[in-house]
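Participant: Dropping in my_file-v5.cif, which is mmCIF, C-alpha atoms:
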data_structure
loop_
_atom_site.group_PDB
_atom_site.id
_atom_site.type_symbol
_atom_site.label_atom_id
_atom_site.label_comp_id
_atom_site.auth_asym_id
_atom_site.auth_seq_id
_atom_site.Cartn_x
_atom_site.Cartn_y
_atom_site.Cartn_z
ATOM 1 C CA MET Q 1487 5.116 16.649 22.807
ATOM 2 C CA ALA Q 1488 6.589 13.266 23.754
ATOM 3 C CA THR Q 1489 8.718 11.555 21.110
ATOM 4 C CA ARG Q 1490 8.111 7.863 20.509
ATOM 5 C CA LYS Q 1491 11.079 5.530 20.815
ATOM 6 C CA LEU Q 1492 12.252 3.400 17.915
ATOM 7 C CA ALA Q 1493 11.034 -0.157 18.550
ATOM 8 C CA SER Q 1494 12.536 -2.109 15.656
ATOM 9 C CA VAL Q 1495 14.214 -1.874 12.284
ATOM 10 C CA LEU Q 1496 13.214 -4.653 9.891
ATOM 11 C CA PRO Q 1497 15.785 -5.194 7.138
ATOM 12 C CA SER Q 1498 14.371 -5.387 3.652
ATOM 13 C CA PRO Q 1499 13.477 -9.047 2.899
ATOM 14 C CA GLN Q 1500 14.522 -10.769 -0.311
ATOM 15 C CA PRO Q 1501 12.379 -9.641 -3.249
ATOM 16 C CA HIS Q 1502 10.135 -11.888 -5.306
ATOM 17 C CA TRP Q 1503 8.129 -11.530 -8.496
ATOM 18 C CA VAL Q 1504 4.388 -10.919 -8.431
ATOM 19 C CA GLY Q 1505 3.293 -12.038 -11.860
ATOM 20 C CA ASP Q 1506 5.898 -10.942 -14.385
ATOM 21 C CA GLY Q 1507 5.494 -7.218 -13.861
ATOM 22 C CA PHE Q 1508 6.335 -6.409 -10.249
ATOM 23 C CA HIS Q 1509 9.602 -7.295 -8.475
ATOM 24 C CA VAL Q 1510 8.599 -6.570 -4.887
ATOM 25 C CA PHE Q 1511 10.109 -6.399 -1.405
ATOM 26 C CA PRO Q 1512 7.544 -7.530 1.245
ATOM 27 C CA LEU Q 1513 8.483 -4.878 3.788
ATOM 28 C CA PHE Q 1514 6.191 -5.953 6.646
ATOM 29 C CA ALA Q 1515 7.978 -9.321 6.683
ATOM 30 C CA ASP Q 1516 6.876 -11.397 9.705
ATOM 31 C CA LEU Q 1517 4.714 -8.533 11.027
ATOM 32 C CA ALA Q 1518 2.309 -8.852 8.085
ATOM 33 C CA PHE Q 1519 -1.308 -9.602 9.024
ATOM 34 C CA GLY Q 1520 -0.560 -9.029 12.712
ATOM 35 C CA GLN Q 1521 -1.944 -6.695 15.349
ATOM 36 C CA ALA Q 1522 1.317 -4.722 15.496
ATOM 37 C CA VAL Q 1523 0.625 -3.230 12.051
ATOM 38 C CA SER Q 1524 -3.195 -2.930 12.284
ATOM 39 C CA PRO Q 1525 -5.171 -1.467 10.534
ATOM 40 C CA PHE Q 1526 -2.627 -2.204 7.777
ATOM 41 C CA LEU Q 1527 -1.916 -5.739 6.598
ATOM 42 C CA MET Q 1528 1.078 -5.825 4.273
ATOM 43 C CA LEU Q 1529 3.224 -3.600 2.074
ATOM 44 C CA ASP Q 1530 5.031 -4.571 -1.113
ATOM 45 C CA TYR Q 1531 7.565 -2.183 -2.621
ATOM 46 C CA ALA Q 1532 8.605 -2.619 -6.249
ATOM 47 C CA ALA Q 1533 11.903 -0.763 -6.474
ATOM 48 C CA PRO Q 1534 12.767 0.861 -9.832
ATOM 49 C CA HIS Q 1535 13.235 -1.846 -12.456
ATOM 50 C CA GLU Q 1536 13.978 -1.462 -16.168
ATOM 51 C CA PHE Q 1537 11.692 -3.439 -18.475
ATOM 52 C CA ARG Q 1538 12.325 -4.130 -22.128
ATOM 53 C CA PRO Q 1539 9.682 -3.092 -24.677
ATOM 54 C CA SER Q 1540 7.056 -5.801 -25.036
ATOM 55 C CA ALA Q 1541 3.934 -6.411 -27.092
ATOM 56 C CA LYS Q 1542 2.415 -8.197 -24.096
ATOM 57 C CA PRO Q 1543 2.074 -5.993 -20.980
ATOM 58 C CA PRO Q 1544 3.722 -7.546 -17.900
ATOM 59 C CA GLY Q 1545 1.617 -7.768 -14.760
ATOM 60 C CA VAL Q 1546 -0.763 -9.943 -12.767
ATOM 61 C CA GLY Q 1547 -3.806 -11.632 -14.305
ATOM 62 C CA ALA Q 1548 -7.285 -11.972 -12.837
ATOM 63 C CA HIS Q 1549 -7.347 -12.871 -9.139
ATOM 64 C CA PRO Q 1550 -9.875 -12.407 -6.301
ATOM 65 C CA HIS Q 1551 -9.912 -10.287 -3.146
ATOM 66 C CA ARG Q 1552 -12.334 -10.029 -0.226
ATOM 67 C CA GLY Q 1553 -12.387 -8.251 3.143
ATOM 68 C CA PHE Q 1554 -9.807 -5.490 2.670
ATOM 69 C CA GLU Q 1555 -8.525 -2.696 0.410
ATOM 70 C CA THR Q 1556 -5.545 -2.430 -1.918
ATOM 71 C CA VAL Q 1557 -3.741 0.888 -2.305
ATOM 72 C CA THR Q 1558 -1.333 1.253 -5.229
ATOM 73 C CA LEU Q 1559 1.064 4.215 -5.403
ATOM 74 C CA VAL Q 1560 2.945 4.649 -8.684
ATOM 75 C CA TYR Q 1561 6.371 6.308 -8.673
ATOM 76 C CA ASP Q 1562 7.576 5.441 -12.188
ATOM 77 C CA GLY Q 1563 5.740 4.092 -15.220
ATOM 78 C CA GLU Q 1564 2.043 3.433 -15.766
ATOM 79 C CA ILE Q 1565 -0.244 0.753 -14.335
ATOM 80 C CA GLU Q 1566 -3.616 -0.341 -15.724
ATOM 81 C CA HIS Q 1567 -6.360 -1.767 -13.504
ATOM 82 C CA ARG Q 1568 -9.550 -3.632 -14.390
ATOM 83 C CA ASP Q 1569 -12.030 -5.362 -12.064
ATOM 84 C CA SER Q 1570 -15.245 -7.370 -12.127
ATOM 85 C CA ALA Q 1571 -17.245 -4.432 -10.729
ATOM 86 C CA GLY Q 1572 -16.704 -2.702 -14.071
ATOM 87 C CA ASN Q 1573 -13.971 -0.311 -12.966
ATOM 88 C CA ASN Q 1574 -10.883 0.354 -15.043
ATOM 89 C CA GLY Q 1575 -8.230 3.019 -15.297
ATOM 90 C CA THR Q 1576 -4.593 3.905 -15.813
ATOM 91 C CA ILE Q 1577 -2.426 5.629 -13.214
ATOM 92 C CA GLY Q 1578 1.014 7.162 -13.685
ATOM 93 C CA PRO Q 1579 3.767 8.762 -11.595
ATOM 94 C CA GLY Q 1580 2.338 10.378 -8.461
ATOM 95 C CA ASP Q 1581 -1.113 8.822 -8.912
ATOM 96 C CA VAL Q 1582 -2.811 6.390 -6.528
ATOM 97 C CA GLN Q 1583 -5.589 3.833 -6.881
ATOM 98 C CA TRP Q 1584 -7.579 2.844 -3.795
ATOM 99 C CA MET Q 1585 -9.638 -0.295 -4.369
ATOM 100 C CA THR Q 1586 -12.131 -1.552 -1.803
ATOM 101 C CA ALA Q 1587 -12.568 -5.282 -2.382
ATOM 102 C CA GLY Q 1588 -15.214 -5.493 0.352
ATOM 103 C CA SER Q 1589 -17.627 -8.356 -0.347
ATOM 104 C CA GLY Q 1590 -15.391 -9.623 -3.128
ATOM 105 C CA LEU Q 1591 -14.309 -9.087 -6.712
ATOM 106 C CA LEU Q 1592 -11.795 -10.127 -9.327
ATOM 107 C CA HIS Q 1593 -9.190 -7.722 -10.647
ATOM 108 C CA GLU Q 1594 -6.043 -7.573 -12.720
ATOM 109 C CA GLU Q 1595 -3.092 -5.180 -12.841
ATOM 110 C CA PHE Q 1596 -0.696 -4.741 -15.749
ATOM 111 C CA HIS Q 1597 1.756 -2.231 -17.074
ATOM 112 C CA SER Q 1598 -0.236 0.022 -19.386
ATOM 113 C CA ARG Q 1599 -0.124 -0.894 -23.057
ATOM 114 C CA GLU Q 1600 1.850 2.244 -23.824
ATOM 115 C CA GLN Q 1601 4.259 1.512 -20.975
ATOM 116 C CA ALA Q 1602 4.822 -2.023 -22.240
ATOM 117 C CA LYS Q 1603 5.340 -0.819 -25.799
ATOM 118 C CA ARG Q 1604 8.047 1.696 -24.897
ATOM 119 C CA GLY Q 1605 9.550 -0.222 -21.953
ATOM 120 C CA GLY Q 1606 11.497 1.606 -19.276
ATOM 121 C CA LYS Q 1607 11.466 2.077 -15.512
ATOM 122 C CA VAL Q 1608 8.559 0.954 -13.348
ATOM 123 C CA SER Q 1609 8.351 1.521 -9.585
ATOM 124 C CA MET Q 1610 5.396 1.342 -7.245
ATOM 125 C CA ALA Q 1611 4.169 0.302 -3.807
ATOM 126 C CA GLN Q 1612 1.062 -1.636 -2.880
ATOM 127 C CA LEU Q 1613 -0.424 -1.435 0.599
ATOM 128 C CA TRP Q 1614 -3.185 -3.676 1.942
ATOM 129 C CA VAL Q 1615 -5.565 -2.010 4.420
ATOM 130 C CA ASN Q 1616 -7.853 -4.118 6.594
ATOM 131 C CA LEU Q 1617 -11.574 -3.436 6.799
ATOM 132 C CA PRO Q 1618 -13.440 -3.483 10.115
ATOM 133 C CA ALA Q 1619 -15.649 -6.551 10.547
ATOM 134 C CA SER Q 1620 -18.739 -4.386 10.055
ATOM 135 C CA ASP Q 1621 -17.502 -3.287 6.610
ATOM 136 C CA LYS Q 1622 -16.078 -6.490 5.169
ATOM 137 C CA SER Q 1623 -19.275 -7.012 3.172
ATOM 138 C CA ALA Q 1624 -19.260 -3.463 1.785
ATOM 139 C CA ALA Q 1625 -19.889 -3.141 -1.940
ATOM 140 C CA PRO Q 1626 -16.664 -3.086 -3.987
ATOM 141 C CA HIS Q 1627 -15.497 0.456 -4.748
ATOM 142 C CA TYR Q 1628 -12.697 2.058 -6.745
ATOM 143 C CA GLN Q 1629 -11.038 5.436 -6.264
ATOM 144 C CA THR Q 1630 -8.679 6.937 -8.830
ATOM 145 C CA ILE Q 1631 -6.607 9.587 -7.038
ATOM 146 C CA LEU Q 1632 -4.587 11.720 -9.415
ATOM 147 C CA LYS Q 1633 -1.347 13.449 -8.449
ATOM 148 C CA GLY Q 1634 -2.931 16.891 -8.769
ATOM 149 C CA ASP Q 1635 -5.649 15.977 -6.238
ATOM 150 C CA ILE Q 1636 -3.205 15.041 -3.459
ATOM 151 C CA PRO Q 1637 -2.367 17.909 -1.066
ATOM 152 C CA VAL Q 1638 1.344 18.619 -0.611
ATOM 153 C CA VAL Q 1639 2.716 19.973 2.678
ATOM 154 C CA ASP Q 1640 6.114 21.713 2.779
ATOM 155 C CA LEU Q 1641 8.049 20.578 5.847
ATOM 156 C CA GLY Q 1642 11.233 22.493 5.058
ATOM 157 C CA GLY Q 1643 13.656 20.236 3.222
ATOM 158 C CA ALA Q 1644 10.889 17.668 2.830
ATOM 159 C CA THR Q 1645 7.498 17.416 1.166
ATOM 160 C CA LEU Q 1646 4.634 15.322 2.500
ATOM 161 C CA ARG Q 1647 1.766 14.211 0.251
ATOM 162 C CA VAL Q 1648 -1.457 13.496 2.142
ATOM 163 C CA VAL Q 1649 -2.953 10.488 0.360
ATOM 164 C CA ALA Q 1650 -5.342 9.560 3.180
ATOM 165 C CA GLY Q 1651 -6.283 11.068 6.513
ATOM 166 C CA ALA Q 1652 -4.896 14.511 7.240
ATOM 167 C CA PHE Q 1653 -1.799 16.483 8.152
ATOM 168 C CA GLY Q 1654 -2.632 19.737 9.864
ATOM 169 C CA GLU Q 1655 -5.259 21.450 7.715
ATOM 170 C CA ALA Q 1656 -4.463 19.341 4.644
ATOM 171 C CA LYS Q 1657 -6.919 16.493 4.104
ATOM 172 C CA GLY Q 1658 -6.245 13.524 1.841
ATOM 173 C CA PRO Q 1659 -8.715 12.603 -0.915
ATOM 174 C CA ALA Q 1660 -8.991 8.882 -0.101
ATOM 175 C CA ARG Q 1661 -12.161 7.628 1.535
ATOM 176 C CA THR Q 1662 -11.339 5.212 4.374
ATOM 177 C CA PHE Q 1663 -13.379 2.978 6.682
ATOM 178 C CA SER Q 1664 -11.315 3.519 9.837
ATOM 179 C CA PRO Q 1665 -9.094 6.346 11.150
ATOM 180 C CA LEU Q 1666 -5.733 6.188 9.369
ATOM 181 C CA HIS Q 1667 -3.165 8.333 7.579
ATOM 182 C CA VAL Q 1668 -1.037 7.604 4.526
ATOM 183 C CA TRP Q 1669 1.774 10.151 4.013
ATOM 184 C CA ASP Q 1670 4.132 9.923 1.035
ATOM 185 C CA VAL Q 1671 7.336 11.759 1.945
ATOM 186 C CA SER Q 1672 10.349 12.910 -0.082
ATOM 187 C CA ALA Q 1673 13.213 14.584 1.800
ATOM 188 C CA THR Q 1674 16.666 15.987 1.187
ATOM 189 C CA ALA Q 1675 19.739 15.381 3.311
ATOM 190 C CA GLY Q 1676 19.786 17.519 6.448
ATOM 191 C CA ALA Q 1677 16.019 17.763 6.850
ATOM 192 C CA VAL Q 1678 14.521 17.039 10.260
ATOM 193 C CA ILE Q 1679 11.026 15.570 10.027
ATOM 194 C CA ASP Q 1680 8.786 15.776 13.096
ATOM 195 C CA LEU Q 1681 5.446 14.050 12.599
ATOM 196 C CA PRO Q 1682 2.478 14.096 15.016
ATOM 197 C CA ILE Q 1683 1.019 10.688 15.882
ATOM 198 C CA ALA Q 1684 -2.347 10.252 17.588
ATOM 199 C CA THR Q 1685 -2.247 8.594 21.004
ATOM 200 C CA GLY Q 1686 -2.719 4.829 20.692
ATOM 201 C CA ASP Q 1687 -2.153 4.701 16.929
ATOM 202 C CA ASN Q 1688 0.303 2.309 15.336
ATOM 203 C CA VAL Q 1689 2.974 4.042 13.238
ATOM 204 C CA LEU Q 1690 5.139 2.459 10.557
ATOM 205 C CA VAL Q 1691 7.764 4.121 8.386
ATOM 206 C CA ALA Q 1692 8.780 2.368 5.166
ATOM 207 C CA LEU Q 1693 12.186 3.572 3.991
ATOM 208 C CA PHE Q 1694 12.322 3.029 0.232
ATOM 209 C CA ALA Q 1695 15.558 4.882 -0.527
ATOM 210 C CA GLY Q 1696 18.202 6.999 1.183
ATOM 211 C CA SER Q 1697 18.962 7.022 4.892
ATOM 212 C CA VAL Q 1698 17.710 8.550 8.131
ATOM 213 C CA SER Q 1699 18.949 8.864 11.693
ATOM 214 C CA VAL Q 1700 16.660 8.051 14.622
ATOM 215 C CA GLU Q 1701 17.904 8.577 18.177
ATOM 216 C CA GLY Q 1702 21.421 8.825 16.757
ATOM 217 C CA ARG Q 1703 21.122 5.484 14.957
ATOM 218 C CA GLU Q 1704 21.891 5.577 11.241
ATOM 219 C CA ILE Q 1705 19.414 3.565 9.153
ATOM 220 C CA ALA Q 1706 19.990 3.048 5.431
ATOM 221 C CA GLN Q 1707 17.431 1.404 3.152
ATOM 222 C CA ALA Q 1708 16.288 -0.656 6.102
ATOM 223 C CA GLY Q 1709 12.835 -1.556 4.911
ATOM 224 C CA LEU Q 1710 10.548 -0.835 7.866
ATOM 225 C CA LEU Q 1711 10.837 1.181 11.090
ATOM 226 C CA THR Q 1712 8.388 0.595 13.937
ATOM 227 C CA PHE Q 1713 7.904 2.706 17.058
ATOM 228 C CA ASP Q 1714 6.727 2.148 20.623
ATOM 229 C CA THR Q 1715 3.167 3.188 21.442
ATOM 230 C CA PRO Q 1716 3.782 5.854 24.159
ATOM 231 C CA GLY Q 1717 4.262 9.354 22.774
ATOM 232 C CA ASP Q 1718 2.571 11.652 20.284
ATOM 233 C CA MET Q 1719 5.265 12.293 17.668
ATOM 234 C CA ILE Q 1720 8.178 10.711 15.832
ATOM 235 C CA SER Q 1721 11.352 12.477 14.728
ATOM 236 C CA LEU Q 1722 13.575 11.535 11.785
ATOM 237 C CA LYS Q 1723 16.769 13.228 10.611
ATOM 238 C CA VAL Q 1724 17.475 12.693 6.922
ATOM 239 C CA THR Q 1725 21.142 11.884 6.330
ATOM 240 C CA ARG Q 1726 20.849 11.051 2.609
ATOM 241 C CA ASP Q 1727 18.056 12.089 0.223
ATOM 242 C CA ALA Q 1728 15.219 9.787 1.189
ATOM 243 C CA LYS Q 1729 11.898 8.407 0.003
ATOM 244 C CA LEU Q 1730 9.523 7.220 2.729
ATOM 245 C CA LEU Q 1731 5.951 6.082 3.198
ATOM 246 C CA VAL Q 1732 4.550 6.859 6.656
ATOM 247 C CA LEU Q 1733 1.510 4.874 7.834
ATOM 248 C CA THR Q 1734 -0.409 5.579 11.031
ATOM 249 C CA GLY Q 1735 -3.776 4.322 12.162
ATOM 250 C CA THR Q 1736 -6.027 3.195 14.987
ATOM 251 C CA PRO Q 1737 -5.687 -0.588 15.516
ATOM 252 C CA LEU Q 1738 -8.929 -2.404 14.746
ATOM 253 C CA GLY Q 1739 -8.527 -4.777 17.690
ATOM 254 C CA GLU Q 1740 -10.334 -7.578 15.853
ATOM 255 C CA PRO Q 1741 -9.280 -11.154 15.005
ATOM 256 C CA ILE Q 1742 -7.530 -11.570 11.655
ATOM 257 C CA ALA Q 1743 -7.933 -14.693 9.543
ATOM 258 C CA HIS Q 1744 -6.222 -14.674 6.161
ATOM 259 C CA TYR Q 1745 -5.600 -17.039 3.290
ATOM 260 C CA GLY Q 1746 -4.055 -15.869 0.042
ATOM 261 C CA PRO Q 1747 -6.193 -13.008 -1.314
ATOM 262 C CA PHE Q 1748 -8.846 -13.163 1.424
ATOM 263 C CA VAL Q 1749 -8.735 -11.395 4.810
ATOM 264 C CA MET Q 1750 -11.601 -12.016 7.207
ATOM 265 C CA ASN Q 1751 -12.135 -12.451 10.957
ATOM 266 C CA THR Q 1752 -12.712 -16.202 11.216
ATOM 267 C CA ASP Q 1753 -11.629 -19.388 9.444
ATOM 268 C CA ALA Q 1754 -15.279 -20.075 8.606
ATOM 269 C CA GLU Q 1755 -15.447 -16.749 6.747
ATOM 270 C CA ILE Q 1756 -12.304 -17.689 4.822
ATOM 271 C CA ARG Q 1757 -13.860 -21.002 3.779
ATOM 272 C CA ALA Q 1758 -16.990 -19.131 2.669
ATOM 273 C CA ALA Q 1759 -14.871 -16.728 0.606
ATOM 274 C CA ILE Q 1760 -13.087 -19.603 -1.129
ATOM 275 C CA ASP Q 1761 -16.431 -21.283 -1.848
ATOM 276 C CA ASP Q 1762 -17.963 -18.059 -3.209
ATOM 277 C CA PHE Q 1763 -14.969 -17.519 -5.472
ATOM 278 C CA ARG Q 1764 -15.162 -21.072 -6.822
ATOM 279 C CA ARG Q 1765 -18.872 -20.614 -7.488
ATOM 280 C CA GLY Q 1766 -18.234 -17.446 -9.473
ATOM 281 C CA LYS Q 1767 -19.924 -15.135 -6.995
ATOM 282 C CA MET Q 1768 -17.121 -12.545 -7.181
ATOM 283 C CA GLY Q 1769 -17.895 -11.661 -10.760
ATOM 284 C CA ASN Q 1770 -16.360 -12.290 -14.140
ATOM 285 C CA LEU Q 1771 -13.720 -10.146 -15.793
ATOM 286 C CA ASP Q 1772 -14.547 -11.432 -19.274
ATOM 287 C CA ALA Q 1773 -17.715 -9.334 -19.232
ATOM 288 C CA PHE Q 1774 -15.584 -6.204 -19.100
ATOM 289 C CA ALA Q 1775 -12.894 -7.168 -21.591
ATOM 290 C CA SER Q 1776 -11.625 -4.174 -23.575
#
Would you mind writing the structure in this file as structure tokens?

Facilitator:
Amino acid sequence: MATRKLASVLPSPQPHWVGDGFHVFPLFADLAFGQAVSPFLMLDYAAPHEFRPSAKPPGVGAHPHRGFETVTLVYDGEIEHRDSAGNNGTIGPGDVQWMTAGSGLLHEEFHSREQAKRGGKVSMAQLWVNLPASDKSAAPHYQTILKGDIPVVDLGGATLRVVAGAFGEAKGPARTFSPLHVWDVSATAGAVIDLPIATGDNVLVALFAGSVSVEGREIAQAGLLTFDTPGDMISLKVTRDAKLLVLTGTPLGEPIAHYGPFVMNTDAEIRAAIDDFRRGKMGNLDAFAS
């Protein structure tokens, strides 16, 4: 197998608040919404943060999405979701929610009521996955993926959870619209992680905590590692207990037009999305109030 060369190390950008519940680092930085990260769009990482007990759950109120999917991985705490397609649920440590916005919907995300009441540590990551042009009008869909449903692969000094795609014989539970893999990796110091990458796929490694060595270069809490296209594997040596999210996928090779919560292929489609939202065509959350 040919090992891919490290292309770039993007330092973690300054964090910002999303609503009042998520203090996130936008790890894709200037690569977000570009062909270099396709079929992925952006990745926000909310590092562990201590919240005080509150009668009002922190989070993000109703907002629209169209043309892509949101993937939320919870590491600490509990997150509640509700959308205008009638879906709702609570996910906790190790759980994932995979929401297909498709033709458009409204949704909101808050700390669960129990989480808000007791306070404590909350940590999560949210990934945006682009939809192929042929699927941007797909009906909205929601997948709750519980920790116990995610296959775990022992790599020797590291564990790899297959959220989407596959790793060897292990297949992830997430339904996807294009070929991609989402691997959630925890590793101890001294582990060597060799990961197969399909020819032509983009591969991104988000380093949330700890440190790794690539080609003899020490990288500590860097944010995002990217790799050159030639080659069919990447190799990481863990130098301090690490938490990583590995993303690989076949680039869609389609134009990307984006504005706020909408990701389409043309500016005209963006204008149509804005108009549909203003006209109330993406639903109404009030109808599903608990």

Participant: Please provide as JSON, numbers by chain all residues within 12 Å of range 1723-1726 of chain Q, with the sequence filter that same-chain residues fewer than 5 positions apart are discarded (counting all atoms listed in the file).

Facilitator: {"Q": [1642, 1643, 1644, 1671, 1672, 1673, 1674, 1675, 1676, 1677, 1678, 1679, 1680, 1681, 1693, 1694, 1695, 1696, 1697, 1698, 1699, 1700, 1701, 1702, 1703, 1704, 1705, 1706, 1707]}

Participant: One number please: CA of Thr1734 in chain Q to CA of Leu1690 in chain Q, in Å, one decimal.

Facilitator: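 Separation between CA of Thr1734 in chain Q and CA of Leu1690 in chain Q: 6.4 Å.
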
Participant: Could you spell out the hits of the PyMOL selection byres ((chain Q and resi 1530-1534) around 7) on the shown file, as an NGL selection string?

Facilitator: :Q and (1508-1513 or 1528-1529 or 1535-1536 or 1607-1613)

Participant: Quick one: residues within 9 Å of Asn1688 in chain Q, all atoms listed in the file counted, chain neighbours fewer than 4 positions away excluded, as a compact mmCIF listing (two decimals) with C-alpha atoms, in the frame of the given file?

Facilitator:
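Result file part_9.txt:
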# COMPACT_ATOMS: atom_id res chain seq x y z
CA ALA Q 1522 1.32 -4.72 15.50
CA VAL Q 1523 0.62 -3.23 12.05
CA SER Q 1524 -3.20 -2.93 12.28
CA PRO Q 1525 -5.17 -1.47 10.53
CA ILE Q 1683 1.02 10.69 15.88
CA ALA Q 1684 -2.35 10.25 17.59
CA THR Q 1712 8.39 0.60 13.94
CA PHE Q 1713 7.90 2.71 17.06
CA ASP Q 1714 6.73 2.15 20.62
CA THR Q 1715 3.17 3.19 21.44
CA LEU Q 1733 1.51 4.87 7.83
CA THR Q 1734 -0.41 5.58 11.03
CA GLY Q 1735 -3.78 4.32 12.16
CA THR Q 1736 -6.03 3.20 14.99
CA PRO Q 1737 -5.69 -0.59 15.52

Participant: Can you measure CA of Val1560 in chain Q to CA of Glu1655 in chain Q for me? One decimal in Å is fine.

Facilitator: 24.9 Å

Participant: Which residues come within 6 Å of range 1615-1626 of chain Q, counting only C-alpha atoms, excluding same-chain residues fewer than 6 positions away, as a list in words?

Facilitator: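 Skipping anything fewer than 6 positions along the chain leaves Pro1525, Phe1526, Leu1527, Gly1553, Phe1554, Glu1555, Thr1586, Ala1587, Gly1588 and Ser1589 of chain Q.
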